[in-house]
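Participant: Structure supplied as upload-v9.txt; contents: compact mmCIF, C-alpha atoms.
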# COMPACT_ATOMS: atom_id res chain seq x y z
CA MET W 2 8.60 1.14 31.82
CA SER W 3 9.98 -1.29 34.42
CA LEU W 4 7.68 -4.07 35.51
CA ALA W 5 6.48 -3.86 39.12
CA PHE W 6 6.50 -6.96 41.32
CA HIS W 7 4.64 -7.34 44.60
CA TRP W 8 4.82 -10.18 47.11
CA PHE W 9 2.19 -11.53 49.53
CA LEU W 10 1.91 -11.49 53.32
CA PRO W 11 0.30 -14.79 54.43
CA THR W 12 -1.83 -13.49 57.30
CA ASN W 13 -3.65 -16.83 57.30
CA GLY W 14 -0.42 -18.64 58.21
CA ASP W 15 2.41 -20.12 56.19
CA SER W 16 3.88 -23.55 55.59
CA ARG W 17 6.03 -25.73 53.36
CA HIS W 18 2.66 -27.02 52.18
CA VAL W 19 -0.18 -25.07 50.57
CA VAL W 20 -2.32 -23.20 53.07
CA GLY W 21 -5.93 -23.16 51.92
CA GLY W 22 -8.64 -20.63 52.67
CA GLY W 23 -10.46 -17.77 51.03
CA HIS W 24 -13.82 -17.24 49.36
CA GLY W 25 -15.73 -18.57 52.30
CA SER W 26 -13.45 -21.54 52.98
CA PRO W 27 -11.42 -21.59 56.22
CA ALA W 28 -7.64 -21.69 56.38
CA THR W 29 -6.41 -25.29 56.42
CA ALA W 30 -4.50 -26.81 59.33
CA THR W 31 -1.18 -26.15 57.59
CA GLY W 32 -1.70 -22.47 58.41
CA GLY W 33 -0.53 -23.31 61.91
CA ASP W 34 2.92 -24.46 60.76
CA ARG W 35 4.16 -20.87 60.72
CA PRO W 36 1.62 -18.66 62.50
CA PRO W 37 1.18 -15.15 61.06
CA THR W 38 2.98 -13.32 63.82
CA VAL W 39 4.23 -9.79 63.29
CA ASN W 40 7.78 -11.10 63.65
CA TYR W 41 7.39 -13.69 60.90
CA LEU W 42 5.44 -11.42 58.54
CA SER W 43 8.07 -8.73 59.05
CA GLN W 44 10.75 -11.21 58.09
CA ILE W 45 8.94 -11.86 54.80
CA ALA W 46 8.38 -8.14 54.24
CA ARG W 47 12.03 -7.28 54.79
CA ALA W 48 13.10 -10.03 52.40
CA ALA W 49 10.68 -8.74 49.75
CA GLU W 50 11.97 -5.21 50.25
CA ASP W 51 15.62 -6.25 49.87
CA LEU W 52 14.91 -8.33 46.77
CA GLY W 53 13.15 -5.52 44.92
CA PHE W 54 9.44 -6.13 45.36
CA VAL W 55 7.56 -2.83 45.38
CA GLY W 56 4.73 -3.85 47.69
CA ALA W 57 3.02 -6.73 49.47
CA LEU W 58 -0.62 -7.75 49.18
CA THR W 59 -2.39 -8.54 52.43
CA PRO W 60 -5.75 -10.36 52.12
CA THR W 61 -9.07 -9.73 53.82
CA GLY W 62 -11.76 -12.00 55.21
CA ALA W 63 -12.68 -14.20 58.14
CA TRP W 64 -9.92 -16.66 57.24
CA CYS W 65 -7.01 -14.28 57.96
CA GLU W 66 -5.80 -11.51 60.24
CA ASP W 67 -7.04 -7.95 59.69
CA ALA W 68 -5.01 -6.30 56.92
CA TRP W 69 -5.09 -2.70 58.21
CA LEU W 70 -3.84 -3.53 61.69
CA THR W 71 -1.29 -6.11 60.60
CA THR W 72 0.36 -4.02 57.91
CA ALA W 73 0.43 -0.94 60.15
CA MET W 74 2.54 -2.95 62.58
CA VAL W 75 4.74 -4.52 59.91
CA SER W 76 5.31 -1.12 58.30
CA GLN W 77 7.22 -0.04 61.38
CA ARG W 78 9.76 -2.83 60.78
CA THR W 79 10.38 -2.02 57.12
CA GLU W 80 11.65 1.03 55.27
CA ARG W 81 10.30 1.30 51.73
CA LEU W 82 8.01 -1.64 51.02
CA LYS W 83 4.44 -0.57 50.26
CA PHE W 84 1.39 -2.44 51.52
CA LEU W 85 -1.49 -3.38 49.24
CA VAL W 86 -4.19 -3.54 51.90
CA ALA W 87 -7.29 -5.51 50.90
CA PHE W 88 -10.53 -4.29 52.43
CA ARG W 89 -14.27 -4.48 51.85
CA PRO W 90 -16.19 -1.23 51.39
CA GLY W 91 -19.30 -2.60 53.06
CA PHE W 92 -17.55 -2.79 56.41
CA LEU W 93 -16.45 0.87 56.72
CA SER W 94 -18.00 4.26 56.13
CA PRO W 95 -16.38 5.93 53.10
CA THR W 96 -15.42 9.01 55.11
CA PHE W 97 -13.76 6.89 57.79
CA ALA W 98 -11.92 4.80 55.17
CA ALA W 99 -10.67 7.96 53.43
CA GLN W 100 -9.45 9.28 56.80
CA MET W 101 -7.75 5.97 57.67
CA ALA W 102 -5.93 5.99 54.35
CA SER W 103 -4.81 9.57 54.90
CA THR W 104 -3.46 8.73 58.35
CA TYR W 105 -1.72 5.61 57.01
CA GLN W 106 0.06 7.66 54.35
CA ARG W 107 1.39 10.17 56.84
CA GLN W 108 2.52 7.59 59.38
CA THR W 109 4.27 5.33 56.84
CA GLY W 110 5.70 7.90 54.45
CA GLY W 111 3.20 7.18 51.67
CA ARG W 112 3.38 3.38 51.61
CA LEU W 113 -0.31 2.49 51.29
CA MET W 114 -2.06 1.00 48.25
CA LEU W 115 -5.65 -0.21 48.42
CA ASN W 116 -7.06 -3.46 47.06
CA VAL W 117 -10.83 -2.92 47.06
CA VAL W 118 -12.68 -6.23 47.49
CA THR W 119 -16.42 -5.96 46.98
CA GLY W 120 -17.00 -9.34 48.64
CA GLY W 121 -18.08 -12.31 46.58
CA GLU W 122 -19.72 -14.58 49.15
CA SER W 123 -23.03 -13.54 50.68
CA ARG W 124 -22.71 -16.03 53.54
CA GLU W 125 -19.48 -14.47 54.75
CA GLN W 126 -20.75 -10.93 54.16
CA ARG W 127 -23.82 -11.61 56.32
CA ALA W 128 -21.55 -12.72 59.16
CA TYR W 129 -20.22 -9.15 59.15
CA GLY W 130 -23.70 -7.64 59.04
CA ASP W 131 -23.86 -7.00 55.27
CA PHE W 132 -27.05 -8.34 53.69
CA LEU W 133 -26.86 -6.85 50.17
CA ASP W 134 -26.79 -9.18 47.20
CA LYS W 135 -23.81 -9.29 44.83
CA ASP W 136 -24.97 -6.71 42.27
CA ALA W 137 -25.99 -4.32 45.03
CA ARG W 138 -22.57 -4.73 46.65
CA TYR W 139 -20.89 -3.64 43.42
CA ALA W 140 -23.23 -0.66 43.14
CA ARG W 141 -22.35 0.30 46.71
CA THR W 142 -18.65 -0.06 45.94
CA GLY W 143 -19.05 2.41 43.09
CA GLU W 144 -20.71 4.94 45.40
CA PHE W 145 -18.08 4.30 48.06
CA LEU W 146 -15.13 4.92 45.74
CA GLY W 147 -16.78 8.01 44.28
CA ILE W 148 -17.07 9.51 47.78
CA VAL W 149 -13.54 8.50 48.80
CA ARG W 150 -11.93 9.92 45.67
CA ASP W 151 -13.78 13.23 46.07
CA LEU W 152 -12.65 13.44 49.68
CA TRP W 153 -9.05 12.74 48.68
CA ASP W 154 -9.38 15.57 46.14
CA GLY W 155 -10.21 17.94 48.99
CA LYS W 156 -13.88 18.27 48.12
CA THR W 157 -16.79 18.54 50.54
CA VAL W 158 -19.16 15.72 49.70
CA ASP W 159 -22.92 15.50 49.98
CA LEU W 160 -24.42 12.35 48.53
CA ALA W 161 -27.71 10.58 48.97
CA GLY W 162 -27.07 7.44 46.98
CA GLU W 163 -28.95 4.19 46.67
CA HIS W 164 -26.76 2.57 49.32
CA LEU W 165 -24.66 5.30 50.95
CA ARG W 166 -25.44 8.72 52.33
CA VAL W 167 -23.04 11.38 53.61
CA GLU W 168 -23.58 15.04 54.43
CA ASP W 169 -20.91 17.75 54.61
CA ALA W 170 -18.17 15.12 54.52
CA ARG W 171 -14.59 16.37 54.21
CA LEU W 172 -11.08 15.56 55.38
CA ALA W 173 -9.09 17.82 57.64
CA ARG W 174 -5.84 16.42 56.21
CA LEU W 175 -5.45 14.97 52.71
CA PRO W 176 -3.34 11.91 51.89
CA ASP W 177 -0.02 12.56 50.21
CA PRO W 178 0.33 10.79 47.91
CA VAL W 179 -3.21 9.66 47.15
CA PRO W 180 -3.24 5.83 47.43
CA GLN W 181 -3.48 3.86 44.22
CA VAL W 182 -6.68 1.80 43.97
CA TYR W 183 -6.41 -1.82 42.80
CA PHE W 184 -9.60 -3.62 41.86
CA GLY W 185 -10.54 -6.99 40.39
CA GLY W 186 -13.67 -8.78 39.30
CA SER W 187 -14.89 -10.74 36.31
CA SER W 188 -18.62 -9.97 36.35
CA PRO W 189 -20.20 -7.19 34.25
CA ALA W 190 -20.88 -5.15 37.38
CA ALA W 191 -17.23 -5.38 38.38
CA GLY W 192 -16.08 -4.11 35.01
CA VAL W 193 -18.15 -0.95 35.35
CA VAL W 194 -16.70 -0.16 38.78
CA ALA W 195 -13.15 -0.81 37.61
CA ALA W 196 -13.55 1.40 34.55
CA ARG W 197 -14.81 4.33 36.61
CA HIS W 198 -12.66 4.15 39.73
CA ALA W 199 -9.63 1.82 39.59
CA ASP W 200 -6.03 2.76 38.89
CA VAL W 201 -5.01 -0.89 38.37
CA TYR W 202 -7.31 -3.69 37.24
CA LEU W 203 -6.31 -7.09 38.65
CA THR W 204 -6.99 -10.53 37.24
CA TRP W 205 -6.19 -13.94 38.62
CA GLY W 206 -3.74 -16.08 36.67
CA GLU W 207 -5.75 -17.40 33.77
CA PRO W 208 -4.11 -18.52 30.51
CA PRO W 209 -2.86 -15.67 28.32
CA GLY W 210 -5.78 -15.85 25.88
CA ALA W 211 -8.33 -15.34 28.65
CA VAL W 212 -6.24 -12.58 30.21
CA ALA W 213 -6.04 -10.78 26.86
CA GLU W 214 -9.84 -10.87 26.59
CA LYS W 215 -10.21 -9.38 30.06
CA ILE W 216 -7.76 -6.60 29.33
CA ALA W 217 -9.56 -5.71 26.11
CA TRP W 218 -12.92 -5.74 27.92
CA VAL W 219 -11.82 -3.41 30.71
CA ARG W 220 -9.99 -1.12 28.27
CA ARG W 221 -13.18 -0.67 26.26
CA LEU W 222 -15.17 0.13 29.39
CA ALA W 223 -12.54 2.56 30.66
CA ALA W 224 -12.35 4.33 27.28
CA LYS W 225 -16.10 5.01 27.50
CA GLU W 226 -15.37 6.76 30.82
CA GLY W 227 -12.51 8.74 29.30
CA ARG W 228 -9.98 6.86 31.43
CA SER W 229 -7.08 4.44 31.01
CA LEU W 230 -5.95 1.84 33.55
CA ARG W 231 -2.88 -0.23 34.29
CA PHE W 232 -3.22 -4.00 34.55
CA GLY W 233 -1.91 -6.53 37.05
CA ILE W 234 -2.07 -10.28 37.57
CA ARG W 235 -2.12 -12.43 40.74
CA LEU W 236 -0.12 -15.67 40.59
CA HIS W 237 1.81 -18.12 42.72
CA VAL W 238 5.34 -19.09 41.67
CA ILE W 239 7.49 -22.21 41.90
CA THR W 240 10.79 -21.36 40.24
CA ARG W 241 14.02 -23.32 40.48
CA ASP W 242 17.41 -23.64 38.78
CA THR W 243 15.97 -26.32 36.49
CA ALA W 244 12.48 -27.15 35.25
CA GLU W 245 12.81 -30.65 36.71
CA GLN W 246 13.39 -29.25 40.18
CA ALA W 247 10.42 -26.88 39.89
CA TRP W 248 8.00 -29.57 38.75
CA ALA W 249 9.26 -31.91 41.45
CA GLU W 250 8.29 -29.23 43.99
CA ALA W 251 4.85 -28.87 42.39
CA ARG W 252 4.36 -32.64 42.65
CA ARG W 253 5.43 -32.55 46.29
CA LEU W 254 2.80 -29.91 47.04
CA LEU W 255 0.17 -31.88 45.13
CA ASP W 256 1.02 -35.07 47.03
CA GLY W 257 0.31 -33.18 50.24
CA PHE W 258 -3.36 -32.65 49.29
CA ASP W 259 -5.44 -35.37 50.93
CA GLU W 260 -8.60 -36.29 49.05
CA ALA W 261 -10.95 -35.38 51.88
CA THR W 262 -9.59 -31.84 52.02
CA VAL W 263 -9.79 -31.42 48.25
CA ARG W 264 -13.40 -32.64 48.21
CA ALA W 265 -14.41 -30.37 51.09
CA VAL W 266 -12.75 -27.30 49.60
CA GLN W 267 -14.14 -27.92 46.12
CA GLU W 268 -17.62 -28.46 47.54
CA GLY W 269 -17.44 -25.15 49.37
CA LEU W 270 -15.98 -23.20 46.46
CA GLY W 271 -18.60 -24.69 44.16
CA HIS W 272 -21.19 -22.53 45.93
CA SER W 273 -19.23 -19.34 45.37
CA GLU W 274 -21.04 -16.40 43.79
CA SER W 275 -17.77 -15.06 42.38
CA GLU W 276 -17.41 -15.22 38.60
CA GLY W 277 -13.64 -15.13 39.03
CA GLN W 278 -13.78 -18.12 41.38
CA ARG W 279 -15.97 -19.99 38.90
CA ARG W 280 -13.32 -19.39 36.23
CA MET W 281 -10.59 -20.65 38.57
CA LEU W 282 -12.52 -23.86 39.28
CA ALA W 283 -13.06 -24.47 35.57
CA LEU W 284 -9.30 -24.56 35.00
CA HIS W 285 -8.84 -27.83 36.92
CA GLY W 286 -12.35 -29.27 37.31
CA GLY W 287 -11.49 -30.64 40.75
CA GLY W 288 -9.16 -33.32 39.37
CA ARG W 289 -5.42 -33.95 39.56
CA ASP W 290 -4.82 -34.60 35.86
CA GLY W 291 -4.12 -32.02 33.17
CA LEU W 292 -3.15 -29.32 35.64
CA GLU W 293 -0.62 -27.65 33.33
CA ILE W 294 -3.21 -25.55 31.50
CA HIS W 295 -0.67 -23.48 29.52
CA PRO W 296 3.10 -23.92 29.31
CA ASN W 297 4.43 -23.41 32.86
CA LEU W 298 0.97 -22.43 34.20
CA TRP W 299 -0.20 -24.94 36.83
CA ALA W 300 -3.72 -25.00 38.31
CA GLY W 301 -2.95 -27.31 41.22
CA ILE W 302 -3.02 -24.66 43.96
CA GLY W 303 -6.73 -24.09 43.30
CA LEU W 304 -7.59 -27.60 44.45
CA VAL W 305 -7.28 -26.52 48.08
CA ARG W 306 -7.22 -22.71 47.98
CA GLY W 307 -9.89 -20.20 47.10
CA GLY W 308 -9.11 -17.14 45.03
CA ALA W 309 -5.81 -17.20 43.12
CA GLY W 310 -5.29 -20.84 42.23
CA THR W 311 -2.60 -20.96 39.56
CA ALA W 312 1.20 -20.93 39.70
CA LEU W 313 4.01 -20.28 37.26
CA VAL W 314 6.19 -23.40 37.46
CA GLY W 315 9.53 -23.88 35.74
CA SER W 316 13.14 -22.88 35.53
CA HIS W 317 13.99 -19.26 36.23
CA ALA W 318 14.29 -18.61 32.49
CA GLU W 319 10.95 -20.28 31.74
CA VAL W 320 9.15 -18.27 34.41
CA ALA W 321 10.76 -15.11 33.03
CA ASP W 322 9.45 -16.11 29.57
CA ARG W 323 5.90 -16.44 30.87
CA ILE W 324 6.12 -13.08 32.62
CA ALA W 325 7.28 -11.52 29.36
CA GLU W 326 4.35 -13.21 27.60
CA TYR W 327 1.83 -11.68 30.02
CA HIS W 328 3.60 -8.32 29.79
CA ALA W 329 3.20 -8.37 26.01
CA LEU W 330 -0.56 -8.56 26.57
CA GLY W 331 -0.51 -5.41 28.73
CA ILE W 332 0.26 -6.70 32.24
CA ASP W 333 2.68 -4.37 34.04
CA GLU W 334 2.25 -5.45 37.67
CA PHE W 335 2.65 -8.96 39.09
CA ILE W 336 1.43 -9.93 42.57
CA LEU W 337 3.17 -13.17 43.46
CA SER W 338 3.38 -15.68 46.30
CA GLY W 339 4.69 -19.15 47.05
CA TYR W 340 4.93 -21.75 49.80
CA PRO W 341 6.62 -21.02 52.08
CA HIS W 342 6.56 -17.32 51.35
CA LEU W 343 9.94 -16.49 52.86
CA GLU W 344 11.94 -19.04 50.88
CA GLU W 345 9.99 -18.62 47.64
CA ALA W 346 10.58 -14.86 47.70
CA TYR W 347 14.31 -15.61 47.53
CA TRP W 348 13.94 -18.23 44.79
CA PHE W 349 12.10 -15.71 42.60
CA GLY W 350 14.05 -12.64 43.62
CA GLU W 351 17.47 -14.23 43.13
CA GLY W 352 16.52 -16.42 40.17
CA VAL W 353 14.00 -14.64 37.95
CA LEU W 354 14.45 -10.93 38.62
CA PRO W 355 18.09 -10.85 37.44
CA ILE W 356 16.99 -12.42 34.13
CA LEU W 357 14.27 -9.82 33.68
CA ARG W 358 16.80 -7.11 34.48
CA GLU W 359 19.15 -8.45 31.81
CA ARG W 360 16.27 -8.37 29.32
CA GLY W 361 15.54 -4.73 30.15
CA LEU W 362 12.13 -5.50 31.68
CA TRP W 363 12.88 -4.74 35.33
CA ASN W 364 15.00 -2.48 37.51
CA HIS W 365 15.42 -2.73 41.27
CA PRO W 366 13.13 0.03 42.63
CA PHE W 367 15.39 0.78 45.61
CA ARG W 368 18.79 0.64 43.93
CA GLY W 369 21.26 2.91 45.63
CA GLU W 370 18.86 3.90 48.43
CA GLY W 371 20.25 3.12 51.88
CA ARG W 372 20.86 -0.42 53.06
CA ILE W 373 18.84 -2.24 50.38
CA ALA W 374 21.07 -4.09 47.94
CA ALA W 375 20.59 -4.14 44.18
Take the structure I supplied and represent it as structure tokens, if you would.

Facilitator:
Amino acid sequence: MSLAFHWFLPTNGDSRHVVGGGHGSPATATGGDRPPTVNYLSQIARAAEDLGFVGALTPTGAWCEDAWLTTAMVSQRTERLKFLVAFRPGFLSPTFAAQMASTYQRQTGGRLMLNVVTGGESREQRAYGDFLDKDARYARTGEFLGIVRDLWDGKTVDLAGEHLRVEDARLARLPDPVPQVYFGGSSPAAGVVAARHADVYLTWGEPPGAVAEKIAWVRRLAAKEGRSLRFGIRLHVITRDTAEQAWAEARRLLDGFDEATVRAVQEGLGHSESEGQRRMLALHGGGRDGLEIHPNLWAGIGLVRGGAGTALVGSHAEVADRIAEYHALGIDEFILSGYPHLEEAYWFGEGVLPILRERGLWNHPFRGEGRIAA
């Protein structure tokens, strides 16, 4: 089976420097270098489409533009690229979300995927009117996805749950195809929801040993539910013709982190309720030394950015080796990004993907279809 690669739409702004934000921390000033206009995001999306990325993740939260609206507009300037829309179940009724997804599929020709984000920071959730604690949010997410999946199956749903209640809920028009559900989370409550409802379980870019443990954990939980899942990983990339060039770029990014910003971001992220964010912080400990935590896996991004904080750094061949290493553990989908996102898409797409194709691990998903080159 060919590996699937997805890119990232930086709806918090883009730059030749790292743009921080996420998990309750605001986007840094560098997000203004290239504002997230529809024109610029469409340029990235078209590049990703041409290079052979299947989809593009678009984040959610107060630090970025709304994912539903932005991708709906960008979809009209692309042809085949899918959009992995991140959203939080606590902000929408399940019936309305199921209807939105159905509409999106019809209007884009089936190019929607959903990244369900339970919401890890109570402070940010309360700003949107959501006052449940973390465990209750996961329980609500489980109810939400149960309702949505039944609606997509054409069922009429009546549910009086602990957190959600619907009566005589049904869809007049069903989505075709049904969107794939991507879901991540490192806490016990997250594992239960993933096992019952996700199509793809996502992890942030931890070292291979930790990723293997997560995969085994979720597989066990899914087996108890009589289900099997696919697995994906979220990483940044810095790939160049030589390892020396790649690490020089990583050092350039690191040199752009002023100490005051690092301290402020680390202080904010230190209060995060997210188990995944805690694991990201533990990889670098807030310092600038020892950031290569596994061959070609660099934790420097996490000094100023919440959420995904690690990058694959190296020559094109070395990055391909690390991708093959994660694939051997069971990872089939890779959600990647880099600064700036337009240029880094080309570095990866023209440097790494041909190597993976030669190794029999990847095929261009749009080969021979219209204008998109192989």

Participant: Near Ala217 (chain W), within 12 Å and counting only C-alpha atoms, which residues show up once chain neighbours fewer than 6 positions away are dropped, as a PyMOL selection string?

Facilitator: chain W and resi 192+196+202+210-211+223-224+229-232+330-332

Participant: Could you give me, as a ChimeraX atom specification, the residues within 12 Å of Ala68 (chain W), counting all atoms listed in the file and dropping anything in the same chain fewer than 4 positions from it?

Facilitator: /W:9-13,37,39,42,57-64,72-76,84-89,113-117

Participant: Atoms to include: C-alpha atoms. Write the selected residues as a PDB file, in the frame of the given file.

Facilitator:
ATOM      1  CA  PHE W   9       2.190 -11.530  49.530  1.00  0.00           C
ATOM      2  CA  LEU W  10       1.910 -11.490  53.320  1.00  0.00           C
ATOM      3  CA  PRO W  11       0.300 -14.790  54.430  1.00  0.00           C
ATOM      4  CA  THR W  12      -1.830 -13.490  57.300  1.00  0.00           C
ATOM      5  CA  ASN W  13      -3.650 -16.830  57.300  1.00  0.00           C
ATOM      6  CA  PRO W  37       1.180 -15.150  61.060  1.00  0.00           C
ATOM      7  CA  VAL W  39       4.230  -9.790  63.290  1.00  0.00           C
ATOM      8  CA  LEU W  42       5.440 -11.420  58.540  1.00  0.00           C
ATOM      9  CA  ALA W  57       3.020  -6.730  49.470  1.00  0.00           C
ATOM     10  CA  LEU W  58      -0.620  -7.750  49.180  1.00  0.00           C
ATOM     11  CA  THR W  59      -2.390  -8.540  52.430  1.00  0.00           C
ATOM     12  CA  PRO W  60      -5.750 -10.360  52.120  1.00  0.00           C
ATOM     13  CA  THR W  61      -9.070  -9.730  53.820  1.00  0.00           C
ATOM     14  CA  GLY W  62     -11.760 -12.000  55.210  1.00  0.00           C
ATOM     15  CA  ALA W  63     -12.680 -14.200  58.140  1.00  0.00           C
ATOM     16  CA  TRP W  64      -9.920 -16.660  57.240  1.00  0.00           C
ATOM     17  CA  THR W  72       0.360  -4.020  57.910  1.00  0.00           C
ATOM     18  CA  ALA W  73       0.430  -0.940  60.150  1.00  0.00           C
ATOM     19  CA  MET W  74       2.540  -2.950  62.580  1.00  0.00           C
ATOM     20  CA  VAL W  75       4.740  -4.520  59.910  1.00  0.00           C
ATOM     21  CA  SER W  76       5.310  -1.120  58.300  1.00  0.00           C
ATOM     22  CA  PHE W  84       1.390  -2.440  51.520  1.00  0.00           C
ATOM     23  CA  LEU W  85      -1.490  -3.380  49.240  1.00  0.00           C
ATOM     24  CA  VAL W  86      -4.190  -3.540  51.900  1.00  0.00           C
ATOM     25  CA  ALA W  87      -7.290  -5.510  50.900  1.00  0.00           C
ATOM     26  CA  PHE W  88     -10.530  -4.290  52.430  1.00  0.00           C
ATOM     27  CA  ARG W  89     -14.270  -4.480  51.850  1.00  0.00           C
ATOM     28  CA  LEU W 113      -0.310   2.490  51.290  1.00  0.00           C
ATOM     29  CA  MET W 114      -2.060   1.000  48.250  1.00  0.00           C
ATOM     30  CA  LEU W 115      -5.650  -0.210  48.420  1.00  0.00           C
ATOM     31  CA  ASN W 116      -7.060  -3.460  47.060  1.00  0.00           C
ATOM     32  CA  VAL W 117     -10.830  -2.920  47.060  1.00  0.00           C
TER      33      VAL W 117
END

Participant: Kindly indicate which residue among W:Arg235, W:Arg264, W:Arg174, W:Arg35 lies nearest to Ala309 (chain W), using only C-alpha atoms for the distances.

Facilitator: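 Among the listed residues, the smallest separation from Ala309 (chain W) belongs to W:Arg235.
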
Participant: What does the distance between CA of Arg107 (chain W) and CA of Trp69 (chain W) come to in Å, to one decimal place?

Facilitator: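 CA of Trp69 (chain W) lies at a distance of 14.5 Å from CA of Arg107 (chain W).
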
Participant: Which residues are close to Ile234 (chain W), i.e. within 6 Å by only C-alpha atoms, leaving aside same-chain residues fewer than 3 positions away? Reply as a PyMOL selection string.

Facilitator: chain W and resi 203-205+335

Participant: Go ahead and save the residues from that selection, with C-alpha atoms, as a PDB file, in the coordinates of the input.

Facilitator:
ATOM      1  CA  LEU W 203      -6.310  -7.090  38.650  1.00  0.00           C
ATOM      2  CA  THR W 204      -6.990 -10.530  37.240  1.00  0.00           C
ATOM      3  CA  TRP W 205      -6.190 -13.940  38.620  1.00  0.00           C
ATOM      4  CA  PHE W 335       2.650  -8.960  39.090  1.00  0.00           C
TER       5      PHE W 335
END

Participant: Would you mind reading off the distance between CA of His317 (chain W) and CA of Pro296 (chain W), one decimal, in Å?

Facilitator: 13.7 Å

Participant: With only C-alpha atoms counted and 10 Å as the cut-off, give the residues of region 197-268 of chain W in contact with region 21-31 of chain W, each with its shortest interatomic distance in Å and the pair that gives it, as CSV.

Facilitator:
residue,atom,partner,partner_atom,distance
W:Thr262,CA,W:Thr29,CA,8.5
W:Val263,CA,W:Gly21,CA,9.8
W:Ala265,CA,W:Ser26,CA,9.1
W:Val266,CA,W:Ser26,CA,6.7
W:Gln267,CA,W:Ser26,CA,9.4
W:Glu268,CA,W:Ser26,CA,9.7

Participant: Hey, can you spit out that residue selection with C-alpha atoms as a compact mmCIF listing (two decimals), in the frame of the given file?

Facilitator:
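Output file part18.txt follows:
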# COMPACT_ATOMS: atom_id res chain seq x y z
CA THR W 262 -9.59 -31.84 52.02
CA VAL W 263 -9.79 -31.42 48.25
CA ALA W 265 -14.41 -30.37 51.09
CA VAL W 266 -12.75 -27.30 49.60
CA GLN W 267 -14.14 -27.92 46.12
CA GLU W 268 -17.62 -28.46 47.54

Participant: Separation of CA of Asp15 (chain W) and CA of Gly308 (chain W), in Å?

Facilitator: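 One can read the CA of Asp15 (chain W) to CA of Gly308 (chain W) distance as 16.3 Å.
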
Participant: What's around region 239-242 of chain W at 8 Å? Count all atoms listed in the file, leave out sequence neighbours fewer than 3 positions away in its own chain, and write the answer as a short mmCIF file (atom, residue, chain, number, x, y, z; two decimals) with C-alpha atoms, keeping the file's coordinate frame.

Facilitator:
data_model
loop_
_atom_site.label_atom_id
_atom_site.label_comp_id
_atom_site.auth_asym_id
_atom_site.auth_seq_id
_atom_site.Cartn_x
_atom_site.Cartn_y
_atom_site.Cartn_z
CA GLN W 246 13.39 -29.25 40.18
CA ALA W 247 10.42 -26.88 39.89
CA GLU W 250 8.29 -29.23 43.99
CA ALA W 251 4.85 -28.87 42.39
CA ALA W 312 1.20 -20.93 39.70
CA LEU W 313 4.01 -20.28 37.26
CA VAL W 314 6.19 -23.40 37.46
CA GLY W 315 9.53 -23.88 35.74
CA SER W 316 13.14 -22.88 35.53
CA HIS W 317 13.99 -19.26 36.23
CA VAL W 320 9.15 -18.27 34.41
CA GLY W 339 4.69 -19.15 47.05
CA GLU W 345 9.99 -18.62 47.64
CA TRP W 348 13.94 -18.23 44.79
CA PHE W 349 12.10 -15.71 42.60
CA GLY W 352 16.52 -16.42 40.17
CA VAL W 353 14.00 -14.64 37.95
#

Participant: Could you pull out every residue with an atom within 12 Å of (-29.6, 6.3, 46.4), file coordinates, counting all atoms listed in the file, and send them as a list in words?

Facilitator: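 Residues with an atom at most 12 Å from (-29.6, 6.3, 46.4): Ala137, Ala140, Arg141, Gly143, Glu144, Phe145, Asp159, Leu160, Ala161, Gly162, Glu163, His164, Leu165, Arg166 and Val167 of chain W.
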
Participant: Which residue gives the smallest distance to Arg197 (chain W) among W:Gly277, W:Gly32, W:Gly147, W:Gly271, with all atoms listed in the file counted?

Facilitator: W:Gly147

Participant: Using only C-alpha atoms, find the one residue out of W:Tyr340, W:Phe6, W:Trp153, W:Tyr139 that sits nearest to Phe184 (chain W).

Facilitator: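 The closest residue to Phe184 (chain W) is W:Tyr139.
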
Participant: Place a sphere of radius 12 Å on (-14.0, 18.7, 48.1) in the file coordinates and name every protein, DNA or RNA residue with an atom inside or on its surface, counting all atoms listed in the file; give the answer as a JSON list (two decimals) with C-alpha atoms, in the coordinates of the input.

Facilitator:
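Contents of result20.json, as written:
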[["chain", "number", "residue", "atom", "x", "y", "z"],
["W", 147, "GLY", "CA", -16.78, 8.01, 44.28],
["W", 148, "ILE", "CA", -17.07, 9.51, 47.78],
["W", 149, "VAL", "CA", -13.54, 8.50, 48.80],
["W", 150, "ARG", "CA", -11.93, 9.92, 45.67],
["W", 151, "ASP", "CA", -13.78, 13.23, 46.07],
["W", 152, "LEU", "CA", -12.65, 13.44, 49.68],
["W", 153, "TRP", "CA", -9.05, 12.74, 48.68],
["W", 154, "ASP", "CA", -9.38, 15.57, 46.14],
["W", 155, "GLY", "CA", -10.21, 17.94, 48.99],
["W", 156, "LYS", "CA", -13.88, 18.27, 48.12],
["W", 157, "THR", "CA", -16.79, 18.54, 50.54],
["W", 158, "VAL", "CA", -19.16, 15.72, 49.70],
["W", 159, "ASP", "CA", -22.92, 15.50, 49.98],
["W", 169, "ASP", "CA", -20.91, 17.75, 54.61],
["W", 170, "ALA", "CA", -18.17, 15.12, 54.52],
["W", 171, "ARG", "CA", -14.59, 16.37, 54.21],
["W", 172, "LEU", "CA", -11.08, 15.56, 55.38],
["W", 173, "ALA", "CA", -9.09, 17.82, 57.64],
["W", 174, "ARG", "CA", -5.84, 16.42, 56.21],
["W", 175, "LEU", "CA", -5.45, 14.97, 52.71]]
